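Peer 1: Below is the file coords13.pdb, with PDB, C-alpha atoms.
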```
ATOM      1  CA  MET A  27      21.091   3.022 -63.225
ATOM      2  CA  GLY A  28      18.809   5.907 -62.241
ATOM      3  CA  ARG A  29      16.510   3.586 -60.276
ATOM      4  CA  ARG A  30      19.474   1.994 -58.461
ATOM      5  CA  LEU A  31      20.861   5.397 -57.561
ATOM      6  CA  LYS A  32      17.476   6.476 -56.249
ATOM      7  CA  LEU A  33      17.154   3.293 -54.187
ATOM      8  CA  ALA A  34      20.653   3.733 -52.763
ATOM      9  CA  ALA A  35      19.870   7.339 -51.830
ATOM     10  CA  GLN A  36      16.625   6.257 -50.145
ATOM     11  CA  VAL A  37      18.377   3.477 -48.203
ATOM     12  CA  LEU A  38      21.077   5.941 -47.159
ATOM     13  CA  ALA A  39      18.512   8.502 -46.008
ATOM     14  CA  VAL A  40      16.493   5.920 -44.044
ATOM     15  CA  GLY A  41      19.710   4.530 -42.519
ATOM     16  CA  LEU A  42      20.789   8.012 -41.487
ATOM     17  CA  VAL A  43      17.446   8.767 -39.853
ATOM     18  CA  ALA A  44      17.504   5.382 -38.069
ATOM     19  CA  ALA A  45      21.031   6.068 -36.813
ATOM     20  CA  LEU A  46      19.969   9.483 -35.498
ATOM     21  CA  PHE A  47      16.979   7.914 -33.721
ATOM     22  CA  GLY A  48      19.292   5.290 -32.238
ATOM     23  CA  LEU A  49      21.606   8.018 -30.988
ATOM     24  CA  LEU A  50      18.672   9.904 -29.479
ATOM     25  CA  GLY A  51      17.413   6.728 -27.781
ATOM     26  CA  TRP A  52      20.840   5.983 -26.362
ATOM     27  CA  LYS A  53      21.141   9.531 -25.053
ATOM     28  CA  VAL A  54      17.695   9.429 -23.421
ATOM     29  CA  THR A  55      18.270   6.058 -21.750
ATOM     30  CA  HIS A  56      21.765   7.075 -20.682
ATOM     31  CA  GLN A  57      20.513  10.272 -19.061
ATOM     32  CA  GLY A  58      17.502   8.612 -17.571
ATOM     33  CA  SER A  59      19.459   5.960 -15.632
ATOM     34  CA  GLY A  60      20.227   8.291 -12.689
ATOM     35  CA  ALA A  61      16.602   9.356 -12.264
ATOM     36  CA  GLU A  62      15.520   5.702 -12.462
ATOM     37  CA  LEU A  63      18.002   4.801  -9.746
ATOM     38  CA  VAL A  64      16.640   7.445  -7.368
ATOM     39  CA  LYS A  65      13.080   6.384  -8.140
ATOM     40  CA  ASN A  66      13.884   2.750  -7.373
ATOM     41  CA  ALA A  67      15.691   3.681  -4.160
ATOM     42  CA  GLY A  68      12.627   5.700  -3.129
ATOM     43  CA  LEU A  69      10.397   2.677  -3.802
ATOM     44  CA  GLY A  70      12.569   0.584  -1.480
ATOM     45  CA  LYS A  71      13.879  -1.619  -4.310
ATOM     46  CA  LYS A  72      17.474  -1.293  -3.055
ATOM     47  CA  PRO A  73      19.176  -0.914  -6.459
ATOM     48  CA  PRO A  74      22.966  -1.462  -6.634
ATOM     49  CA  ALA A  75      24.823   1.777  -6.005
ATOM     50  CA  PRO A  76      26.803   2.882  -9.086
ATOM     51  CA  ASP A  77      30.526   2.563  -8.436
ATOM     52  CA  PHE A  78      32.749   5.561  -8.759
ATOM     53  CA  ARG A  79      36.384   6.449  -8.388
ATOM     54  CA  LEU A  80      37.181  10.120  -8.011
ATOM     55  CA  ALA A  81      40.336  12.097  -7.346
ATOM     56  CA  ARG A  82      40.354  13.281  -3.762
ATOM     57  CA  LEU A  83      39.780  16.983  -3.338
ATOM     58  CA  ASP A  84      42.912  17.275  -1.205
ATOM     59  CA  GLY A  85      44.886  15.712  -4.093
ATOM     60  CA  ASP A  86      45.925  12.723  -2.027
ATOM     61  CA  GLY A  87      44.902   9.669  -4.086
ATOM     62  CA  HIS A  88      41.378   8.634  -4.958
ATOM     63  CA  VAL A  89      38.043   7.917  -3.357
ATOM     64  CA  ASP A  90      36.897   4.508  -4.545
ATOM     65  CA  LEU A  91      33.427   3.387  -3.521
ATOM     66  CA  LYS A  92      34.383  -0.277  -3.993
ATOM     67  CA  SER A  93      36.977   0.021  -1.236
ATOM     68  CA  PHE A  94      34.165   0.559   1.292
ATOM     69  CA  ARG A  95      32.396  -2.756   0.662
ATOM     70  CA  ASN A  96      31.164  -4.469   3.830
ATOM     71  CA  LYS A  97      30.605  -1.058   5.382
ATOM     72  CA  VAL A  98      27.611   1.219   5.432
ATOM     73  CA  VAL A  99      28.500   4.274   3.337
ATOM     74  CA  LEU A 100      26.893   7.691   3.451
ATOM     75  CA  VAL A 101      27.533   9.556   0.185
ATOM     76  CA  ASN A 102      26.882  13.269   0.318
ATOM     77  CA  PHE A 103      26.778  15.282  -2.935
ATOM     78  CA  TRP A 104      27.487  18.967  -2.455
ATOM     79  CA  ALA A 105      29.074  22.088  -3.970
ATOM     80  CA  SER A 106      30.619  25.254  -2.595
ATOM     81  CA  TRP A 107      28.036  27.445  -4.361
ATOM     82  CA  CYS A 108      25.219  25.649  -2.546
ATOM     83  CA  ASP A 109      24.399  27.318   0.792
ATOM     84  CA  PRO A 110      22.386  24.412   2.315
ATOM     85  CA  CYS A 111      25.324  22.124   1.447
ATOM     86  CA  LYS A 112      27.696  24.325   3.392
ATOM     87  CA  ARG A 113      25.328  24.535   6.344
ATOM     88  CA  GLU A 114      25.064  20.757   6.648
ATOM     89  CA  MET A 115      28.810  20.070   6.412
ATOM     90  CA  PRO A 116      29.601  20.591  10.136
ATOM     91  CA  ARG A 117      26.599  18.383  11.021
ATOM     92  CA  LEU A 118      27.927  15.665   8.739
ATOM     93  CA  GLU A 119      31.374  15.925  10.310
ATOM     94  CA  GLN A 120      29.860  15.593  13.764
ATOM     95  CA  ALA A 121      27.833  12.552  12.678
ATOM     96  CA  TYR A 122      30.917  11.031  11.045
ATOM     97  CA  ARG A 123      32.811  11.202  14.338
ATOM     98  CA  GLN A 124      29.829   9.618  16.065
ATOM     99  CA  PHE A 125      29.290   6.753  13.594
ATOM    100  CA  ARG A 126      32.705   5.864  12.160
ATOM    101  CA  GLY A 127      33.470   3.386  14.920
ATOM    102  CA  ARG A 128      30.318   1.478  14.023
ATOM    103  CA  GLY A 129      31.274   0.326  10.534
ATOM    104  CA  VAL A 130      30.055   3.478   8.805
ATOM    105  CA  GLU A 131      32.048   5.501   6.267
ATOM    106  CA  PHE A 132      31.215   8.959   4.944
ATOM    107  CA  VAL A 133      32.146  10.086   1.440
ATOM    108  CA  GLY A 134      31.687  13.602   0.154
ATOM    109  CA  VAL A 135      31.334  14.244  -3.576
ATOM    110  CA  ASP A 136      31.926  17.832  -4.635
ATOM    111  CA  ALA A 137      30.073  18.180  -7.939
ATOM    112  CA  GLN A 138      30.024  20.864 -10.661
ATOM    113  CA  ASP A 139      32.208  23.174  -8.706
ATOM    114  CA  PHE A 140      35.566  24.948  -8.620
ATOM    115  CA  ASP A 141      37.935  22.684  -6.708
ATOM    116  CA  SER A 142      39.655  25.699  -5.093
ATOM    117  CA  SER A 143      36.345  26.954  -3.626
ATOM    118  CA  ALA A 144      35.459  23.448  -2.505
ATOM    119  CA  LYS A 145      38.814  22.971  -0.744
ATOM    120  CA  ARG A 146      38.233  26.210   1.121
ATOM    121  CA  GLU A 147      34.825  24.997   2.333
ATOM    122  CA  VAL A 148      36.231  21.629   3.395
ATOM    123  CA  ARG A 149      38.899  23.372   5.463
ATOM    124  CA  LYS A 150      36.346  25.754   6.977
ATOM    125  CA  ALA A 151      34.005  22.914   8.003
ATOM    126  CA  GLY A 152      36.898  20.797   9.325
ATOM    127  CA  THR A 153      35.767  17.834   7.220
ATOM    128  CA  SER A 154      37.857  14.761   7.969
ATOM    129  CA  TYR A 155      36.083  12.150   5.808
ATOM    130  CA  PRO A 156      37.270  11.701   2.192
ATOM    131  CA  VAL A 157      35.847  14.055  -0.413
ATOM    132  CA  GLY A 158      36.075  13.264  -4.144
ATOM    133  CA  TYR A 159      36.006  15.891  -6.873
ATOM    134  CA  ASP A 160      33.371  15.440  -9.594
ATOM    135  CA  GLY A 161      33.790  18.732 -11.464
ATOM    136  CA  ALA A 162      31.916  17.665 -14.601
ATOM    137  CA  GLY A 163      29.122  16.134 -12.517
ATOM    138  CA  LYS A 164      29.345  12.698 -14.185
ATOM    139  CA  VAL A 165      28.988  10.750 -10.931
ATOM    140  CA  LEU A 166      26.264  13.124  -9.778
ATOM    141  CA  GLY A 167      24.432  12.412 -13.056
ATOM    142  CA  ARG A 168      24.509   8.665 -12.331
ATOM    143  CA  TYR A 169      22.953   9.405  -8.949
ATOM    144  CA  GLY A 170      20.075  11.428 -10.416
ATOM    145  CA  GLY A 171      21.774  14.788 -11.062
ATOM    146  CA  LEU A 172      20.831  18.103  -9.508
ATOM    147  CA  PRO A 173      19.572  19.608  -7.224
ATOM    148  CA  LEU A 174      22.017  19.681  -4.336
ATOM    149  CA  PRO A 175      22.523  18.717  -1.607
ATOM    150  CA  LYS A 176      21.555  15.080  -1.825
ATOM    151  CA  THR A 177      22.657  12.222   0.360
ATOM    152  CA  PHE A 178      22.545   8.470  -0.222
ATOM    153  CA  VAL A 179      23.105   5.612   2.167
ATOM    154  CA  ILE A 180      24.590   2.384   0.803
ATOM    155  CA  ASP A 181      24.347  -0.829   2.812
ATOM    156  CA  ARG A 182      27.104  -3.392   3.386
ATOM    157  CA  ARG A 183      26.107  -5.231   0.195
ATOM    158  CA  GLY A 184      26.525  -2.125  -1.965
ATOM    159  CA  ARG A 185      22.806  -1.395  -2.361
ATOM    160  CA  LEU A 186      21.164   2.016  -2.130
ATOM    161  CA  VAL A 187      18.880   1.743   0.850
ATOM    162  CA  ASN A 188      18.069   5.332   1.687
ATOM    163  CA  TYR A 189      18.403   8.833   0.353
ATOM    164  CA  HIS A 190      17.626  12.364   1.390
ATOM    165  CA  LEU A 191      17.140  15.335  -0.880
ATOM    166  CA  GLY A 192      17.919  18.729   0.645
ATOM    167  CA  GLU A 193      19.685  20.003   3.732
ATOM    168  CA  LEU A 194      20.333  17.422   6.450
ATOM    169  CA  GLU A 195      19.504  18.039  10.065
ATOM    170  CA  PRO A 196      21.165  15.822  12.714
ATOM    171  CA  ALA A 197      17.917  13.865  13.097
ATOM    172  CA  ASP A 198      17.883  13.114   9.328
ATOM    173  CA  ILE A 199      21.421  11.733   9.464
ATOM    174  CA  ASN A 200      20.537   9.497  12.418
ATOM    175  CA  ARG A 201      17.395   8.256  10.676
ATOM    176  CA  LEU A 202      19.215   7.492   7.407
ATOM    177  CA  LEU A 203      22.040   5.607   9.093
ATOM    178  CA  LYS A 204      20.082   3.739  11.714
ATOM    179  CA  GLY A 205      17.880   2.269   8.994
ATOM    180  CA  ALA A 206      20.947   0.967   7.137
ATOM    181  CA  LEU A 207      22.665  -0.344  10.274
ATOM    182  CA  LYS A 208      19.773  -2.654  11.093
ATOM    183  CA  PRO A 209      20.663  -6.280  10.250
ATOM    184  CA  SER A 210      19.005  -7.131   6.882
TER     185      SER A 210
ATOM    186  CA  MET B  15      23.206  28.912 -55.895
ATOM    187  CA  ARG B  16      26.901  29.141 -56.774
ATOM    188  CA  ALA B  17      27.086  32.647 -55.338
ATOM    189  CA  ALA B  18      25.579  31.445 -52.037
ATOM    190  CA  LEU B  19      28.070  28.595 -51.849
ATOM    191  CA  LEU B  20      30.924  30.964 -52.561
ATOM    192  CA  VAL B  21      29.758  33.324 -49.804
ATOM    193  CA  ALA B  22      29.521  30.410 -47.325
ATOM    194  CA  LEU B  23      33.018  29.215 -48.198
ATOM    195  CA  VAL B  24      34.524  32.687 -47.960
ATOM    196  CA  ALA B  25      32.799  33.229 -44.589
ATOM    197  CA  ALA B  26      34.165  29.910 -43.305
ATOM    198  CA  LEU B  27      37.683  30.832 -44.421
ATOM    199  CA  VAL B  28      37.572  34.407 -43.112
ATOM    200  CA  ALA B  29      36.152  33.552 -39.647
ATOM    201  CA  PRO B  30      39.370  32.047 -38.216
ATOM    202  CA  ALA B  31      41.332  35.111 -39.368
ATOM    203  CA  ALA B  32      39.100  37.386 -37.281
ATOM    204  CA  ALA B  33      39.486  35.218 -34.185
ATOM    205  CA  PRO B  34      42.966  36.137 -32.832
ATOM    206  CA  ALA B  35      41.953  39.606 -31.548
ATOM    207  CA  SER B  36      39.236  38.253 -29.245
ATOM    208  CA  GLN B  37      41.419  35.233 -28.516
ATOM    209  CA  GLN B  38      44.141  37.429 -26.989
ATOM    210  CA  HIS B  39      41.867  39.975 -25.310
ATOM    211  CA  PRO B  40      38.507  38.345 -24.571
ATOM    212  CA  THR B  41      35.716  40.423 -23.075
ATOM    213  CA  GLN B  42      33.547  39.451 -20.130
ATOM    214  CA  ASN B  43      30.356  39.629 -22.248
ATOM    215  CA  GLU B  44      31.834  37.486 -24.990
ATOM    216  CA  LEU B  45      32.851  34.721 -22.585
ATOM    217  CA  GLU B  46      29.613  34.887 -20.630
ATOM    218  CA  SER B  47      27.699  34.276 -23.858
ATOM    219  CA  GLU B  48      29.897  31.300 -24.785
ATOM    220  CA  ILE B  49      30.090  29.531 -21.423
ATOM    221  CA  MET B  50      27.216  27.515 -19.983
ATOM    222  CA  CYS B  51      26.045  27.649 -16.417
ATOM    223  CA  PRO B  52      26.366  23.942 -15.485
ATOM    224  CA  VAL B  53      23.313  23.850 -13.260
ATOM    225  CA  CYS B  54      20.803  25.990 -15.188
ATOM    226  CA  GLY B  55      21.228  24.894 -18.813
ATOM    227  CA  THR B  56      21.675  28.470 -20.083
ATOM    228  CA  THR B  57      24.703  30.577 -20.876
ATOM    229  CA  LEU B  58      26.213  32.566 -18.003
ATOM    230  CA  ASP B  59      24.814  35.871 -19.269
ATOM    231  CA  GLN B  60      21.299  34.431 -18.886
ATOM    232  CA  SER B  61      21.792  33.203 -15.335
ATOM    233  CA  ASP B  62      22.053  34.696 -11.868
ATOM    234  CA  SER B  63      22.491  31.402 -10.027
ATOM    235  CA  ALA B  64      25.176  31.084  -7.355
ATOM    236  CA  VAL B  65      27.463  28.952  -9.502
ATOM    237  CA  ALA B  66      27.037  31.333 -12.457
ATOM    238  CA  GLN B  67      28.031  34.248 -10.219
ATOM    239  CA  GLN B  68      31.076  32.302  -9.084
ATOM    240  CA  MET B  69      32.037  31.565 -12.699
ATOM    241  CA  LYS B  70      31.545  35.200 -13.758
ATOM    242  CA  MET B  71      33.854  36.317 -10.970
ATOM    243  CA  TYR B  72      36.412  33.721 -12.025
ATOM    244  CA  ILE B  73      36.273  34.914 -15.653
ATOM    245  CA  ALA B  74      36.635  38.569 -14.598
ATOM    246  CA  ALA B  75      39.657  37.726 -12.465
ATOM    247  CA  ARG B  76      41.309  35.740 -15.268
ATOM    248  CA  ILE B  77      40.675  38.491 -17.849
ATOM    249  CA  HIS B  78      42.153  40.994 -15.405
ATOM    250  CA  ALA B  79      45.194  38.751 -15.041
ATOM    251  CA  GLY B  80      45.672  38.795 -18.832
ATOM    252  CA  ALA B  81      44.618  35.225 -19.632
ATOM    253  CA  THR B  82      43.659  34.427 -23.226
ATOM    254  CA  LYS B  83      40.210  33.179 -24.203
ATOM    255  CA  SER B  84      41.380  29.611 -24.728
ATOM    256  CA  GLN B  85      43.247  29.612 -21.402
ATOM    257  CA  ILE B  86      40.065  30.658 -19.589
ATOM    258  CA  GLU B  87      37.943  28.168 -21.528
ATOM    259  CA  ASP B  88      40.442  25.353 -20.923
ATOM    260  CA  ALA B  89      40.496  26.109 -17.198
ATOM    261  CA  LEU B  90      36.700  26.032 -17.034
ATOM    262  CA  VAL B  91      36.583  22.792 -19.035
ATOM    263  CA  ALA B  92      39.120  21.277 -16.619
ATOM    264  CA  GLN B  93      36.805  22.182 -13.723
ATOM    265  CA  PHE B  94      33.353  21.527 -15.151
ATOM    266  CA  GLY B  95      33.913  19.318 -18.219
ATOM    267  CA  GLU B  96      33.352  20.059 -21.912
ATOM    268  CA  ALA B  97      29.615  20.569 -21.433
ATOM    269  CA  VAL B  98      30.466  23.992 -20.044
ATOM    270  CA  LEU B  99      31.163  25.210 -23.593
ATOM    271  CA  ALA B 100      28.050  26.501 -25.375
ATOM    272  CA  ALA B 101      29.515  25.412 -28.745
ATOM    273  CA  PRO B 102      31.742  22.359 -29.234
ATOM    274  CA  PRO B 103      35.450  23.173 -29.646
ATOM    275  CA  LYS B 104      36.752  23.249 -33.226
ATOM    276  CA  ARG B 105      39.116  20.318 -32.755
ATOM    277  CA  GLY B 106      39.192  16.526 -32.591
ATOM    278  CA  PHE B 107      35.917  14.639 -32.810
ATOM    279  CA  ASN B 108      33.941  17.842 -32.154
ATOM    280  CA  LEU B 109      35.128  19.193 -35.500
ATOM    281  CA  ILE B 110      32.422  16.999 -37.062
ATOM    282  CA  ALA B 111      29.736  19.262 -35.599
ATOM    283  CA  TRP B 112      31.249  22.201 -37.483
ATOM    284  CA  LEU B 113      32.111  20.436 -40.742
ATOM    285  CA  LEU B 114      29.020  18.284 -41.179
ATOM    286  CA  PRO B 115      26.626  21.149 -42.087
ATOM    287  CA  LEU B 116      29.125  22.477 -44.650
ATOM    288  CA  ILE B 117      29.708  18.995 -46.089
ATOM    289  CA  GLY B 118      25.945  18.459 -46.161
ATOM    290  CA  LEU B 119      25.496  21.694 -48.075
ATOM    291  CA  LEU B 120      28.255  20.836 -50.544
ATOM    292  CA  VAL B 121      26.823  17.353 -51.136
ATOM    293  CA  ALA B 122      23.165  18.362 -51.220
ATOM    294  CA  ALA B 123      23.534  21.378 -53.521
ATOM    295  CA  PRO B 124      24.710  19.430 -56.611
ATOM    296  CA  ILE B 125      22.113  16.693 -55.970
ATOM    297  CA  VAL B 126      19.266  19.209 -55.721
ATOM    298  CA  GLY B 127      20.619  21.076 -58.776
ATOM    299  CA  TRP B 128      20.888  17.869 -60.798
ATOM    300  CA  ALA B 129      17.372  16.753 -59.764
ATOM    301  CA  ALA B 130      15.908  20.159 -60.690
ATOM    302  CA  TRP B 131      17.702  20.093 -64.041
ATOM    303  CA  ARG B 132      16.389  16.579 -64.811
ATOM    304  CA  TRP B 133      12.879  17.501 -63.745
ATOM    305  CA  SER B 134      12.765  20.634 -65.930
ATOM    306  CA  ARG B 135      14.293  18.730 -68.875
ATOM    307  CA  ALA B 136      11.758  15.918 -68.556
ATOM    308  CA  ARG B 137       8.948  18.450 -68.537
ATOM    309  CA  ASP B 138      10.250  20.193 -71.689
ATOM    310  CA  SER B 139      10.970  17.115 -73.781
ATOM    311  CA  GLY B 140       8.192  14.807 -72.671
ATOM    312  CA  PRO B 141       5.422  13.678 -75.124
ATOM    313  CA  PRO B 142       2.378  15.993 -75.274
ATOM    314  CA  VAL B 143      -0.311  14.915 -72.895
ATOM    315  CA  PRO B 144      -3.502  14.026 -74.785
ATOM    316  CA  PRO B 145      -6.601  15.887 -73.681
ATOM    317  CA  SER B 146      -8.700  13.690 -71.480
ATOM    318  CA  ARG B 147     -11.704  12.258 -73.266
ATOM    319  CA  LEU B 148     -15.147  12.223 -71.735
ATOM    320  CA  ASP B 149     -17.193   9.144 -71.513
ATOM    321  CA  PRO B 150     -19.317   8.978 -74.757
ATOM    322  CA  ASP B 151     -22.555   8.610 -72.751
ATOM    323  CA  ILE B 152     -21.814  11.704 -70.665
ATOM    324  CA  GLU B 153     -20.766  13.595 -73.787
ATOM    325  CA  ARG B 154     -24.101  12.719 -75.485
ATOM    326  CA  ARG B 155     -26.002  13.792 -72.338
ATOM    327  CA  ILE B 156     -24.203  17.116 -72.169
ATOM    328  CA  ASP B 157     -24.855  17.732 -75.893
ATOM    329  CA  SER B 158     -28.563  16.976 -75.552
ATOM    330  CA  GLU B 159     -28.894  19.179 -72.444
ATOM    331  CA  LEU B 160     -27.053  22.038 -74.167
ATOM    332  CA  ALA B 161     -29.314  21.623 -77.189
ATOM    333  CA  GLY B 162     -32.306  21.835 -74.817
ATOM    334  CA  TYR B 163     -31.028  25.180 -73.458
ATOM    335  CA  GLU B 164     -30.508  26.546 -76.972
ATOM    336  CA  THR B 165     -34.048  25.693 -78.091
ATOM    337  CA  SER B 166     -35.725  27.063 -74.934
TER     338      SER B 166
END
```
Represent the structure contained in this file as structure tokens.

Peer 2:
Amino acid sequence: MGRRLKLAAQVLAVGLVAALFGLLGWKVTHQGSGAELVKNAGLGKKPPAPDFRLARLDGDGHVDLKSFRNKVVLVNFWASWCDPCKREMPRLEQAYRQFRGRGVEFVGVDAQDFDSSAKREVRKAGTSYPVGYDGAGKVLGRYGGLPLPKTFVIDRRGRLVNYHLGELEPADINRLLKGALKPS
Amino acid sequence: MRAALLVALVAALVAPAAAPASQQHPTQNELESEIMCPVCGTTLDQSDSAVAQQMKMYIAARIHAGATKSQIEDALVAQFGEAVLAAPPKRGFNLIAWLLPLIGLLVAAPIVGWAAWRWSRARDSGPPVPPSRLDPDIERRIDSELAGYETS
């Protein structure tokens, strides 16, 4: 009886440790997926862009990445507490007006932010492209997490073909989009 | 051991009773030490980042407006997700994080006590250990060498 009890306790302890290791492994791989994605995009591997569906910041429906298939999509992650993000917003709006007639869509993703502050910034910059609200930063995490701003370009087949970390200048926007607009 | 367990249980039972005062009238410092800055991985009181400043201002405004602690926390969770709380909330699935250590203590204490009792009992009642015998050859050699010392 004593030996059986001891064996059961040992099996239980080993099982518990194995379960904790499994949990740790899952957590590490889950967190690491965003960084891996950015790395692969940087290596020119064109990984599939993770889909997302976010409530629009203006409260009018959702922003669904899938709905932009067959278009080149520029996804810009930003937040109202990020000064470079705010500086690049008017440049993005200007580029949006320039490119939208050429099969290009822009999507803003406001991440880890107060929605009220973000709405204020959107109004101030006169942003007309859809902006989704990712308060908890879950979508941002799937795209490699902080820092902000960061901008991805997705081709017509839904693959990440380009990205830019940091504040965008007009020349950066042109470079990112022109690369994706080339016939593949 | 029993006294320690009793103290732990009493502390666990008394803690919720002390909560309502800070729940109704939270302080800025208290909330800043319990809310995480989402971009720096520290609590707000440890951070001067732009988002932390924004959150501190939000908390100050809500305290000024008379909001309770849970109202402020809920509003921040709605904006930034549950990860903004430094400690998991004491409800739902997160309750496990609070109960598991206590359950572990309650389960482990009797097991350790029982094992210690068995170990001490086995030591008391076990057969006497015979003194270890030396190899006869070595014993003879030691005797002859000792005899050599005595005669010299």

Peer 1: Could you list, as a PyMOL selection string, every residue of chain B that has an atom within 7 Å of an atom of chain A, counting only C-alpha atoms?

Peer 2: chain B and resi 52+64-65+93-95

Peer 1: Which residues fall under the PyMOL selection byres ((chain A and resi 90) around 8) in this file, as a PDB file with C-alpha atoms, in the coordinates of the input?

Peer 2:
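In the end it all went to out34.pdb:
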```
ATOM      1  CA  ASP A  77      30.526   2.563  -8.436  1.00  0.00           C
ATOM      2  CA  PHE A  78      32.749   5.561  -8.759  1.00  0.00           C
ATOM      3  CA  ARG A  79      36.384   6.449  -8.388  1.00  0.00           C
ATOM      4  CA  LEU A  80      37.181  10.120  -8.011  1.00  0.00           C
ATOM      5  CA  HIS A  88      41.378   8.634  -4.958  1.00  0.00           C
ATOM      6  CA  VAL A  89      38.043   7.917  -3.357  1.00  0.00           C
ATOM      7  CA  LEU A  91      33.427   3.387  -3.521  1.00  0.00           C
ATOM      8  CA  LYS A  92      34.383  -0.277  -3.993  1.00  0.00           C
ATOM      9  CA  SER A  93      36.977   0.021  -1.236  1.00  0.00           C
ATOM     10  CA  PHE A  94      34.165   0.559   1.292  1.00  0.00           C
TER      11      PHE A  94
END
```

Peer 1: Can you measure CA of Arg126 (chain A) to CA of Asp86 (chain A) for me? One decimal in Å is fine.

Peer 2: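 Straight-line distance from CA of Arg126 (chain A) to CA of Asp86 (chain A) works out to 20.6 Å.
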
Peer 1: Do you have the CA of Asp181 (chain A)-CA of Leu83 (chain A) distance handy?

Peer 2: 24.4 Å

Peer 1: Leaving out Cys111 (chain A) and any residue of its chain fewer than 4 positions from it, which residues lie within 7 Å of it when counting only C-alpha atoms, given as number ranges by chain?

Peer 2: A: 104-105, 115, 175, 193

Peer 1: Figure out the distance between CA of Arg182 (chain A) and CA of Gly167 (chain A), please, to one decimal in Å.

Peer 2: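 Taking CA of Gly167 (chain A) and CA of Arg182 (chain A), their separation equals 23.0 Å.
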
Peer 1: Output the residue selection produced by the PyMOL selection byres ((chain B and resi 102) around 12) on the file above, formatted as a VMD selection string.

Peer 2: chain B and resid 48 to 50 87 91 95 to 101 103 to 113

Peer 1: For the point (17.2, 3.3, 3.5) in the file's frame, write as JSON, numbers by chain all residues with an atom no more than 9 Å away, counting only C-alpha atoms.

Peer 2: {"A": [67, 68, 70, 72, 178, 179, 180, 181, 186, 187, 188, 189, 201, 202, 203, 204, 205, 206]}

Peer 1: Once the PyMOL selection byres ((chain A and resi 191) around 6) is applied to the coordinates I shared, what remains selected? I want it as a list in words.

Peer 2: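 Taken on the displayed file, the PyMOL selection byres ((chain A and resi 191) around 6) yields the residues Lys176, His190 and Gly192 of chain A.
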
Peer 1: Within 12 Å of Ser61 (chain B), counting only C-alpha atoms, which residues show up once you throw out same-chain ones fewer than 4 positions away? Write them as a list in words, please.

Peer 2: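 So, after excluding close chain neighbours, the residues are Glu46, Ser47, Ile49, Met50, Cys51, Pro52, Val53, Cys54, Gly55, Thr56, Thr57, Val65, Ala66, Gln67, Gln68, Met69 and Lys70 of chain B.
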
Peer 1: Please define a box with edges along x, y and z of the file around all atoms of region 117-131 of chain A given in the file, extend it by 4 Å on each side, and return its centre and edge lengths in Å to one decimal, as AutoDock Vina command-line options.

Peer 2:
```
--center_x 30.0 --center_y 9.4 --center_z 11.2 --size_x 14.9 --size_y 26.1 --size_z 17.8
```
